[in-house]
file run-v4.cif (mmCIF, C-alpha atoms and all ligand atoms)
data_query
loop_
_atom_site.label_atom_id
_atom_site.label_comp_id
_atom_site.auth_asym_id
_atom_site.auth_seq_id
_atom_site.Cartn_x
_atom_site.Cartn_y
_atom_site.Cartn_z
CA MET G 1 0.00 0.00 0.00
CA LYS G 2 1.07 3.57 -0.62
CA ALA G 3 2.79 5.44 2.16
CA GLU G 4 0.23 8.26 2.39
CA THR G 5 -2.51 5.82 3.47
CA HIS G 6 -0.62 5.23 6.72
CA GLU G 7 -0.44 8.86 7.63
CA PRO G 8 -2.63 9.95 10.54
CA SER G 9 -5.94 11.31 9.39
CA THR G 10 -6.75 14.93 9.83
CA ASP G 11 -10.25 14.95 8.37
CA GLY G 12 -11.81 11.95 10.21
CA THR G 13 -11.06 9.49 7.39
CA PRO G 14 -9.49 6.37 8.91
CA THR G 15 -6.12 5.13 7.75
CA LEU G 16 -6.12 1.86 5.83
CA GLU G 17 -4.88 0.03 8.93
CA GLU G 18 -7.59 1.53 11.11
CA PHE G 19 -10.16 0.66 8.46
CA GLN G 20 -9.03 -2.98 8.24
CA GLU G 21 -9.06 -3.41 11.99
CA THR G 22 -12.51 -1.90 12.24
CA VAL G 23 -14.20 -3.85 9.47
CA LEU G 24 -12.77 -7.16 10.76
CA GLN G 25 -14.72 -6.51 13.98
CA GLU G 26 -17.84 -5.99 11.86
CA GLN G 27 -17.67 -9.45 10.22
CA LEU G 28 -16.26 -7.97 7.04
CA THR G 29 -13.02 -9.34 5.59
CA PRO G 30 -11.24 -7.31 2.91
CA LEU G 31 -10.32 -9.73 0.13
CA TRP G 32 -7.01 -7.92 -0.38
CA MET G 33 -5.79 -9.09 3.06
CA GLY G 34 -4.70 -12.51 1.77
CA ALA G 35 -7.84 -14.63 1.43
CA LEU G 36 -7.36 -15.01 -2.33
CA GLY G 37 -3.91 -16.56 -1.91
CA GLN G 38 -5.49 -19.58 -0.19
CA LEU G 39 -7.36 -20.47 -3.34
CA ARG G 40 -4.56 -21.01 -5.83
CA GLU G 41 -4.54 -24.76 -5.24
CA PRO G 42 -6.12 -27.14 -2.71
CA ARG G 43 -5.00 -26.63 0.88
CA THR G 44 -6.00 -29.00 3.64
CA GLN G 45 -5.47 -29.80 7.30
CA ILE G 46 -5.85 -33.48 6.42
CA GLN G 47 -2.64 -35.47 6.73
CA PRO G 48 -1.68 -38.72 5.11
CA TYR G 49 -1.91 -41.34 7.86
CA LEU G 50 -1.88 -45.13 8.28
CA TRP G 51 -3.64 -47.26 10.89
CA ARG G 52 -2.07 -50.67 11.53
CA TRP G 53 -4.62 -53.47 11.48
CA LYS G 54 -2.88 -55.39 14.24
CA GLU G 55 -3.39 -52.47 16.64
CA VAL G 56 -6.88 -51.44 15.54
CA ARG G 57 -8.10 -55.05 15.64
CA GLN G 58 -6.95 -55.42 19.24
CA ARG G 59 -8.84 -52.27 20.22
CA VAL G 60 -12.13 -53.33 18.61
CA LEU G 61 -11.86 -56.75 20.27
CA GLN G 62 -11.36 -54.96 23.60
CA SER G 63 -14.42 -52.81 22.95
CA LEU G 64 -16.49 -55.96 22.38
CA LYS G 65 -16.05 -56.85 26.05
CA LEU G 66 -16.46 -53.32 27.39
CA ILE G 67 -19.50 -51.77 25.74
CA PRO G 68 -22.84 -53.54 25.31
CA LEU G 69 -24.66 -53.17 22.00
CA GLY G 70 -28.35 -52.55 21.41
CA VAL G 71 -31.34 -50.51 22.54
CA GLU G 72 -29.97 -50.41 26.12
CA GLY G 73 -26.34 -49.94 25.09
CA ALA G 74 -24.44 -48.46 22.17
CA GLU G 75 -26.31 -47.90 18.91
CA ARG G 76 -23.20 -49.12 17.09
CA ARG G 77 -19.96 -50.60 18.46
CA VAL G 78 -17.62 -48.61 16.28
CA LEU G 79 -14.17 -47.04 16.46
CA THR G 80 -13.79 -44.28 13.88
CA LEU G 81 -10.41 -43.51 12.36
CA ARG G 82 -9.71 -39.85 13.12
CA ASN G 83 -7.25 -37.99 10.94
CA PRO G 84 -4.55 -36.14 12.98
CA GLY G 85 -5.77 -32.96 11.26
CA VAL G 86 -9.32 -33.39 12.58
CA PRO G 87 -9.83 -32.19 16.17
CA VAL G 88 -11.65 -34.33 18.77
CA PRO G 89 -14.64 -34.85 18.92
CA ARG G 90 -15.16 -34.28 15.20
CA ILE G 91 -15.46 -37.23 12.84
CA GLY G 92 -13.28 -37.54 9.76
CA THR G 93 -10.62 -39.70 8.20
CA THR G 94 -10.43 -37.11 5.43
CA HIS G 95 -12.30 -33.80 5.07
CA THR G 96 -15.21 -35.59 3.33
CA LEU G 97 -15.08 -39.25 4.36
CA VAL G 98 -14.84 -41.35 7.47
CA ALA G 99 -13.60 -44.89 7.89
CA ALA G 100 -14.50 -46.88 10.99
CA ILE G 101 -14.26 -50.41 12.32
CA GLN G 102 -17.40 -52.09 13.59
CA ILE G 103 -17.77 -55.35 15.51
CA ILE G 104 -20.75 -57.50 16.55
CA ALA G 105 -20.91 -61.04 17.92
CA GLY G 106 -23.15 -63.73 19.42
CA THR G 107 -26.81 -62.82 19.17
CA GLU G 108 -26.30 -59.08 19.25
CA VAL G 109 -28.52 -56.66 17.37
CA ALA G 110 -27.53 -53.17 16.24
CA PRO G 111 -30.83 -51.24 16.15
CA SER G 112 -32.24 -50.03 12.84
CA HIS G 113 -32.02 -46.43 11.82
CA ARG G 114 -31.59 -44.32 8.71
CA HIS G 115 -29.57 -41.22 7.91
CA THR G 116 -28.67 -38.92 5.06
CA MET G 117 -25.08 -40.08 5.26
CA ALA G 118 -24.36 -42.87 2.75
CA ALA G 119 -22.49 -45.91 4.06
CA LEU G 120 -20.62 -48.92 2.79
CA ARG G 121 -19.26 -51.96 4.61
CA PHE G 122 -16.23 -53.93 3.50
CA ILE G 123 -16.15 -57.15 5.51
CA ILE G 124 -12.79 -57.94 7.10
CA GLU G 125 -13.25 -61.10 9.16
CA GLY G 126 -15.70 -63.36 10.98
CA GLU G 127 -18.96 -65.04 10.10
CA GLY G 128 -22.67 -65.23 10.69
CA ALA G 129 -23.81 -61.60 10.58
CA CYS G 130 -26.35 -59.80 8.43
CA THR G 131 -27.20 -56.22 7.62
CA VAL G 132 -30.92 -55.62 7.08
CA VAL G 133 -31.41 -52.96 4.40
CA ASN G 134 -34.97 -51.69 3.87
CA GLY G 135 -36.32 -55.00 5.16
CA GLU G 136 -33.96 -57.25 3.19
CA PRO G 137 -31.26 -59.19 5.08
CA GLU G 138 -27.87 -59.14 3.35
CA SER G 139 -25.55 -61.85 4.60
CA MET G 140 -22.00 -60.68 5.23
CA GLU G 141 -18.95 -62.71 4.27
CA PRO G 142 -15.29 -61.68 4.36
CA ARG G 143 -14.32 -59.32 1.52
CA ASP G 144 -17.91 -58.63 0.44
CA LEU G 145 -18.89 -55.01 -0.18
CA LEU G 146 -22.31 -54.02 1.21
CA LEU G 147 -24.15 -50.76 0.62
CA THR G 148 -26.54 -48.87 2.88
CA PRO G 149 -27.29 -45.73 0.82
CA ASN G 150 -28.62 -42.36 1.98
CA TRP G 151 -31.94 -42.70 3.88
CA TYR G 152 -32.19 -46.52 3.58
CA TRP G 153 -33.23 -48.21 6.84
CA HIS G 154 -30.43 -50.40 8.14
CA GLY G 155 -29.52 -52.45 11.18
CA HIS G 156 -27.16 -55.33 11.84
CA PHE G 157 -27.52 -58.65 13.64
CA SER G 158 -25.25 -61.55 14.48
CA GLU G 159 -26.21 -65.21 14.68
CA HIS G 160 -22.81 -66.68 15.40
CA SER G 161 -20.54 -66.76 18.45
CA GLU G 162 -17.52 -65.57 16.44
CA PRO G 163 -17.29 -61.79 16.11
CA MET G 164 -17.76 -60.23 12.71
CA ILE G 165 -15.56 -57.23 11.99
CA TRP G 166 -15.92 -54.84 9.10
CA LEU G 167 -14.78 -51.53 7.70
CA ASP G 168 -17.46 -48.86 7.57
CA GLY G 169 -17.12 -46.03 5.05
CA LEU G 170 -19.37 -42.97 5.21
CA ASP G 171 -19.57 -39.45 3.79
CA VAL G 172 -20.24 -37.91 7.25
CA PRO G 173 -17.91 -34.86 6.99
CA LEU G 174 -19.15 -34.07 3.49
CA VAL G 175 -22.80 -34.10 4.54
CA GLN G 176 -21.95 -32.13 7.70
CA GLY G 177 -20.17 -29.55 5.58
CA LEU G 178 -23.26 -29.24 3.40
CA GLY G 179 -25.47 -28.79 6.46
CA ALA G 180 -27.63 -31.78 5.56
CA THR G 181 -27.20 -34.33 8.36
CA PHE G 182 -30.41 -36.04 9.42
CA GLN G 183 -30.83 -39.31 11.30
CA GLU G 184 -33.84 -41.12 12.72
CA ASN G 185 -34.47 -44.31 14.63
CA TYR G 186 -36.66 -47.08 13.27
CA PRO G 187 -40.08 -46.37 14.85
CA SER G 188 -40.75 -49.59 16.75
CA PRO G 189 -40.05 -50.25 20.44
CA ASP G 190 -37.42 -52.95 19.76
CA ARG G 191 -35.92 -50.91 16.88
CA ARG G 192 -35.98 -54.00 14.62
CA GLN G 193 -37.26 -53.71 11.05
CA PRO G 194 -39.68 -56.36 9.85
CA ILE G 195 -38.08 -58.66 7.29
CA ILE G 196 -40.06 -58.13 4.08
CA ALA G 197 -37.75 -59.59 1.40
CA PRO G 198 -35.82 -62.86 0.95
CA ARG G 199 -32.24 -62.90 2.20
CA ASP G 200 -29.75 -61.65 -0.41
CA GLU G 201 -32.54 -60.91 -2.91
CA SER G 202 -30.55 -58.03 -4.46
CA ILE G 203 -27.81 -60.50 -5.41
CA ARG G 204 -30.32 -62.77 -7.12
CA ARG G 205 -31.77 -59.88 -9.09
CA TYR G 206 -28.84 -57.67 -9.93
CA SER G 207 -25.45 -59.37 -9.52
CA SER G 208 -24.93 -60.32 -13.14
CA GLY G 209 -24.47 -56.67 -14.07
CA GLY G 210 -25.06 -57.22 -17.78
CA LEU G 211 -28.45 -58.93 -17.56
CA LEU G 212 -31.07 -57.11 -15.52
CA PRO G 213 -34.75 -57.69 -14.70
CA VAL G 214 -37.08 -55.68 -16.93
CA GLY G 215 -39.17 -53.08 -15.15
CA ASP G 216 -38.72 -50.96 -12.07
CA ARG G 217 -35.88 -48.50 -12.49
CA THR G 218 -37.31 -45.74 -10.35
CA ALA G 219 -34.53 -45.56 -7.78
CA ASN G 220 -31.31 -45.46 -9.77
CA LYS G 221 -29.16 -42.97 -7.88
CA ASN G 222 -27.94 -45.89 -5.77
CA SER G 223 -26.94 -49.33 -6.94
CA PRO G 224 -29.86 -51.78 -6.57
CA LEU G 225 -27.23 -54.46 -5.94
CA LEU G 226 -26.53 -54.13 -2.21
CA ASN G 227 -23.88 -56.82 -1.81
CA PHE G 228 -20.93 -57.29 -4.15
CA ARG G 229 -19.75 -60.80 -3.25
CA TRP G 230 -16.01 -61.38 -3.09
CA ALA G 231 -16.07 -64.49 -5.32
CA GLN G 232 -17.27 -62.45 -8.29
CA THR G 233 -14.96 -59.52 -7.52
CA GLU G 234 -11.94 -61.80 -7.29
CA ASP G 235 -12.91 -63.58 -10.49
CA ARG G 236 -13.03 -60.24 -12.36
CA LEU G 237 -9.62 -59.25 -10.94
CA THR G 238 -8.14 -62.59 -11.95
CA GLN G 239 -9.55 -62.28 -15.47
CA MET G 240 -7.87 -58.88 -15.78
CA ALA G 241 -4.58 -59.85 -14.11
CA GLU G 242 -2.67 -60.32 -17.37
CA ARG G 243 -3.98 -57.14 -18.98
CA ASP G 244 -2.11 -53.85 -19.07
CA GLY G 245 -3.82 -52.07 -16.20
CA SER G 246 -3.37 -48.40 -15.39
CA PRO G 247 0.10 -46.86 -14.94
CA TYR G 248 -1.22 -45.13 -11.78
CA ASP G 249 -3.42 -47.85 -10.30
CA GLY G 250 -2.41 -51.27 -11.57
CA VAL G 251 -5.39 -53.49 -12.35
CA ALA G 252 -8.22 -51.34 -11.02
CA LEU G 253 -11.93 -52.11 -11.11
CA GLN G 254 -14.75 -49.80 -10.13
CA TYR G 255 -17.76 -51.27 -8.35
CA THR G 256 -20.66 -49.90 -10.41
CA ASN G 257 -24.37 -49.27 -10.22
CA PRO G 258 -25.73 -51.78 -12.80
CA PHE G 259 -28.51 -49.35 -13.78
CA THR G 260 -26.14 -46.53 -14.71
CA GLY G 261 -22.61 -47.92 -15.02
CA GLY G 262 -21.57 -45.12 -12.65
CA SER G 263 -20.47 -45.09 -9.02
CA VAL G 264 -22.40 -47.28 -6.57
CA MET G 265 -23.69 -44.27 -4.64
CA PRO G 266 -23.86 -40.60 -5.73
CA THR G 267 -21.25 -39.41 -3.22
CA ILE G 268 -18.93 -42.42 -2.88
CA ASP G 269 -16.97 -44.37 -5.46
CA CYS G 270 -15.63 -47.83 -4.55
CA TRP G 271 -12.68 -49.57 -6.19
CA ILE G 272 -10.80 -52.82 -5.93
CA GLN G 273 -7.28 -52.90 -7.33
CA MET G 274 -4.50 -55.42 -7.73
CA LEU G 275 -0.80 -54.71 -7.84
CA ARG G 276 0.90 -57.62 -9.54
CA PRO G 277 4.17 -59.03 -8.07
CA ASP G 278 6.85 -56.30 -8.19
CA GLU G 279 4.39 -53.82 -9.72
CA GLN G 280 5.12 -50.15 -8.99
CA THR G 281 2.79 -47.42 -10.19
CA LYS G 282 3.66 -43.97 -11.46
CA THR G 283 2.99 -40.89 -9.35
CA HIS G 284 0.02 -38.59 -9.86
CA ARG G 285 -2.32 -36.40 -7.87
CA HIS G 286 -5.94 -35.45 -8.21
CA THR G 287 -8.70 -33.65 -6.41
CA GLY G 288 -10.81 -35.74 -4.05
CA SER G 289 -9.68 -37.84 -1.12
CA ILE G 290 -9.37 -41.61 -0.81
CA ILE G 291 -9.38 -44.17 1.99
CA TYR G 292 -7.54 -47.41 1.27
CA HIS G 293 -7.87 -50.78 2.99
CA VAL G 294 -5.28 -53.48 2.26
CA VAL G 295 -7.22 -56.67 1.55
CA GLU G 296 -4.16 -58.79 0.95
CA GLY G 297 -0.40 -58.44 0.48
CA ASN G 298 2.55 -56.25 1.42
CA GLY G 299 3.72 -53.05 -0.14
CA TRP G 300 4.03 -49.34 0.27
CA THR G 301 2.44 -46.11 -0.84
CA VAL G 302 4.40 -42.87 -1.10
CA ILE G 303 2.26 -39.82 -0.29
CA ASN G 304 3.82 -36.36 -0.75
CA GLY G 305 7.28 -37.88 -0.42
CA LYS G 306 6.53 -39.91 2.70
CA ARG G 307 6.58 -43.68 2.49
CA PHE G 308 3.83 -45.72 4.23
CA ASP G 309 4.60 -49.43 4.39
CA TRP G 310 1.44 -51.51 4.57
CA LYS G 311 0.32 -55.07 5.02
CA THR G 312 -2.96 -56.99 5.11
CA GLY G 313 -5.71 -55.17 7.00
CA ASP G 314 -4.02 -51.77 7.26
CA ILE G 315 -6.04 -48.66 6.45
CA PHE G 316 -4.59 -45.39 5.18
CA CYS G 317 -5.85 -42.12 3.79
CA LEU G 318 -4.93 -39.81 0.95
CA PRO G 319 -5.61 -36.07 1.31
CA PRO G 320 -6.83 -34.14 -1.73
CA TRP G 321 -4.25 -33.10 -4.34
CA ALA G 322 -1.49 -35.19 -2.71
CA TRP G 323 1.11 -36.92 -4.87
CA HIS G 324 0.92 -40.67 -4.53
CA ASP G 325 2.17 -43.92 -6.00
CA HIS G 326 1.85 -47.55 -4.91
CA ALA G 327 4.15 -50.57 -4.90
CA ASN G 328 3.79 -54.28 -4.27
CA ALA G 329 6.77 -55.34 -2.13
CA SER G 330 6.55 -58.99 -3.09
CA ASN G 331 7.97 -60.57 -6.20
CA ARG G 332 5.64 -63.56 -5.89
CA GLN G 333 2.34 -62.56 -4.22
CA ARG G 334 -0.37 -60.24 -5.52
CA ALA G 335 -1.44 -57.24 -3.43
CA ILE G 336 -5.12 -56.28 -3.34
CA ILE G 337 -6.46 -52.95 -2.14
CA PHE G 338 -10.06 -51.84 -1.59
CA SER G 339 -10.68 -48.10 -1.62
CA PHE G 340 -13.47 -45.57 -1.45
CA ALA G 341 -13.39 -41.96 -2.56
CA ASP G 342 -15.45 -38.79 -2.88
CA THR G 343 -14.68 -38.51 -6.62
CA PRO G 344 -18.32 -38.62 -7.82
CA VAL G 345 -18.96 -35.34 -6.00
CA LEU G 346 -16.01 -33.63 -7.68
CA LYS G 347 -16.91 -34.99 -11.10
CA ALA G 348 -20.56 -33.94 -10.75
CA PHE G 349 -19.51 -30.31 -10.39
CA ASP G 350 -16.58 -30.25 -12.85
CA LEU G 351 -14.07 -30.06 -9.98
CA TYR G 352 -12.13 -33.20 -10.79
CA ARG G 353 -8.53 -32.52 -11.85
CA GLU G 354 -5.66 -34.87 -12.28
CA GLU G 355 -1.96 -34.28 -12.82
CA ALA G 356 0.89 -36.64 -13.67
CA TYR G 357 4.25 -36.32 -11.91
CA SER G 358 6.94 -35.73 -14.47
CA GLU G 359 10.35 -35.87 -12.76
CA ASN G 360 12.34 -38.96 -11.86
CA GLN G 361 10.72 -41.22 -14.51
CA GLY G 362 7.32 -40.36 -13.17
CA ARG G 363 7.89 -41.47 -9.59
CA GLN G 364 8.29 -39.41 -6.41
CA HIS G 365 11.49 -39.04 -4.48
CA VAL G 366 10.99 -40.60 -1.03
CA GLU G 367 11.85 -38.11 1.72
CA ALA G 368 11.14 -40.17 4.81
CA ALA G 369 9.96 -43.58 5.92
CA PHE G 370 6.82 -43.86 8.03
O1 LIG J 401 -23.53 -49.19 10.99
O2 LIG J 401 -25.18 -47.82 10.75
O3 LIG J 401 -19.48 -46.44 11.39
O4 LIG J 401 -24.80 -45.30 11.42
C1 LIG J 401 -21.21 -44.87 11.64
C2 LIG J 401 -22.57 -44.58 11.64
C3 LIG J 401 -21.70 -47.16 11.21
C4 LIG J 401 -23.99 -48.03 10.97
C5 LIG J 401 -20.79 -46.15 11.41
C6 LIG J 401 -23.49 -45.59 11.42
C7 LIG J 401 -23.06 -46.89 11.20
FE FE2 J 402 -26.09 -46.16 10.17
#

call {"tool": "encode", "arguments": {"input": "run-v4.cif", "output": "structure tokens"}}
result
Amino acid sequence: MKAETHEPSTDGTPTLEEFQETVLQEQLTPLWMGALGQLREPRTQIQPYLWRWKEVRQRVLQSLKLIPLGVEGAERRVLTLRNPGVPVPRIGTTHTLVAAIQIIAGTEVAPSHRHTMAALRFIIEGEGACTVVNGEPESMEPRDLLLTPNWYWHGHFSEHSEPMIWLDGLDVPLVQGLGATFQENYPSPDRRQPIIAPRDESIRRYSSGGLLPVGDRTANKNSPLLNFRWAQTEDRLTQMAERDGSPYDGVALQYTNPFTGGSVMPTIDCWIQMLRPDEQTKTHRHTGSIIYHVVEGNGWTVINGKRFDWKTGDIFCLPPWAWHDHANASNRQRAIIFSFADTPVLKAFDLYREEAYSENQGRQHVEAAF
């Protein structure tokens, strides 16, 4: 600013500094004071971070003994994965998404409710549990992907002594940021939904993908297939294993809504990817954030120059616009990674951008080990 603006006023006109101080108190921020500089490229408090399965698993098993589940106890027995950049008690693994681990066992029932937050479940271990979605029980088996979309009634029950443990993925911080969080309990005293459809009916109707029942297509924002069974997912991966794959993602498959061919839910995209033995991907970055869960294998992911070594069960997160590449550490075993991302939201509003890393043969320099 010019020097004369700092001179003391003689005619009652404030100096620029006085003006700025005053208007800030009046809930007015001059745009010239630096706000525009924040907008040149994505900035975030979210940090890349990795949760070790061995440690998280122990904690959820401890919680099984400590907190009862159900109408008299906890609505859900869940530990959410909080990003170091998200202050307690807020929820968020990234600025838009949350990952959590849930456990039920024996004859426990998690009461039914519905909310505007969309959710997915990727089953990690155990047996004999179901999620009831709008009156239809979906049986859960390890490595299945289940969906409980926005405003669908859902509750969980166990019918086996062994605990069932799964990864929850939700768009809680996104919906909070949009000021659109609503949740309500199922309106019956025991909070159980009546079962009104055969078990796994959505699989019978919709799992072939290419061949669909004629008729009702009214609700197509969410995939009508509510459980993507692992056997079919693994078969597709195996069929693609010898193909070229993507230089940034290896052999990557998107779980899709069979009605539209698009993402399974309007706010969350789910992927399964395989890194072949010794496979290392090139580095890129894009808008949107991702949460990864290692289904099988050993390897590492470099995020903004920091190396995160991972093995089966680990969960890690990618902040928006962060450089990243992946590697399978084994020269014999495949590595398989499940992930979910907020990409459909960015793409819907023309905010998706992607950039390839060009130095060092397309791969990041590693600055530090995790
Ligand atoms: O299972 O319905 O991790 O409502 C967070 C909120 C799980 C669930 C979470 C939920 C659920
Ligand atoms: Fe829920």

call {"tool": "residues_near_ligand", "arguments": {"input": "run-v4.cif", "ligand": "ligand LIG 401 (chain J)", "cutoff": "8 Å", "atoms": "all atoms listed in the file", "output": "PyMOL selection string"}}
result
chain G and resi 76+78-80+98-102+110+112-115+119+154-156+167-170

call {"tool": "closest_residue", "arguments": {"input": "run-v4.cif", "among": "G:Val132, G:Leu24, G:Leu212, G:Ile291", "to": "ligand FE2 402 (chain J)", "atoms": "all atoms listed in the file"}}
result
G:Val132

call {"tool": "atom_distance", "arguments": {"input": "run-v4.cif", "atom1": "atom CA of G:Pro213", "atom2": "atom CA of G:Thr233"}}
result
21.1 Å

call {"tool": "residues_around", "arguments": {"input": "run-v4.cif", "residues": "stretch 235-248 of chain G", "least_positions_apart": "3", "cutoff": "8 Å", "atoms": "only C-alpha atoms", "output": "short mmCIF file (atom, residue, chain, number, x, y, z; two decimals) with C-alpha atoms, in the coordinates of the input"}}
result
data_model
loop_
_atom_site.label_atom_id
_atom_site.label_comp_id
_atom_site.auth_asym_id
_atom_site.auth_seq_id
_atom_site.Cartn_x
_atom_site.Cartn_y
_atom_site.Cartn_z
CA ALA G 231 -16.07 -64.49 -5.32
CA GLN G 232 -17.27 -62.45 -8.29
CA VAL G 251 -5.39 -53.49 -12.35
CA ALA G 252 -8.22 -51.34 -11.02
CA LEU G 253 -11.93 -52.11 -11.11
CA GLN G 273 -7.28 -52.90 -7.33
CA MET G 274 -4.50 -55.42 -7.73
CA ARG G 276 0.90 -57.62 -9.54
CA THR G 281 2.79 -47.42 -10.19
CA LYS G 282 3.66 -43.97 -11.46
CA THR G 283 2.99 -40.89 -9.35
CA HIS G 284 0.02 -38.59 -9.86
CA ASP G 325 2.17 -43.92 -6.00
CA HIS G 326 1.85 -47.55 -4.91
#

call {"tool": "residues_around", "arguments": {"input": "run-v4.cif", "residues": "G:Leu147", "least_positions_apart": "6", "cutoff": "8 Å", "atoms": "only C-alpha atoms", "output": "list in words"}}
result
Ala119, Leu120, Arg121, Leu226 and Asn227 of chain G

call {"tool": "residues_around", "arguments": {"input": "run-v4.cif", "residues": "G:Gln254", "least_positions_apart": "3", "cutoff": "9 Å", "atoms": "only C-alpha atoms", "output": "number ranges by chain"}}
result
G: 262-264, 269-273

call {"tool": "closest_residue", "arguments": {"input": "run-v4.cif", "among": "G:Gln62, G:Thr181, G:Thr148, G:Gln27", "to": "ligand FE2 402 (chain J)", "atoms": "all atoms listed in the file"}}
result
G:Thr148

call {"tool": "residues_near_point", "arguments": {"input": "run-v4.cif", "point": "(-33.4, -54.1, 13.0)", "cutoff": "12 Å", "atoms": "only C-alpha atoms", "output": "PyMOL selection string"}}
result
chain G and resi 70-71+75+108-114+130-137+153-158+185-196

call {"tool": "closest_residue", "arguments": {"input": "run-v4.cif", "among": "G:Ala35, G:Cys317, G:Leu28, G:Val88", "to": "G:Ser339", "atoms": "only C-alpha atoms"}}
result
G:Cys317

call {"tool": "residues_around", "arguments": {"input": "run-v4.cif", "residues": "G:Leu346", "least_positions_apart": "6", "cutoff": "10 Å", "atoms": "all atoms listed in the file", "output": "number ranges by chain"}}
result
G: 267, 287-288, 352-353

call {"tool": "closest_residue", "arguments": {"input": "run-v4.cif", "among": "G:Leu66, G:Ala322, G:Ile303, G:Leu145", "to": "G:Pro42", "atoms": "only C-alpha atoms"}}
result
G:Ala322

call {"tool": "residues_around", "arguments": {"input": "run-v4.cif", "residues": "G:Gly126", "least_positions_apart": "3", "cutoff": "7 Å", "atoms": "only C-alpha atoms", "output": "ChimeraX atom specification"}}
result
/G:142,162-165

call {"tool": "atom_distance", "arguments": {"input": "run-v4.cif", "atom1": "atom CA of G:Phe308", "atom2": "atom CA of G:Pro173"}}
result
24.5 Å

call {"tool": "atom_distance", "arguments": {"input": "run-v4.cif", "atom1": "atom CA of G:Ser289", "atom2": "atom CA of G:Pro320"}}
result
4.7 Å

call {"tool": "closest_residue", "arguments": {"input": "run-v4.cif", "among": "G:Ser202, G:Ser161, G:Gln183, G:Gln364", "to": "ligand FE2 402 (chain J)", "atoms": "all atoms listed in the file"}}
result
G:Gln183
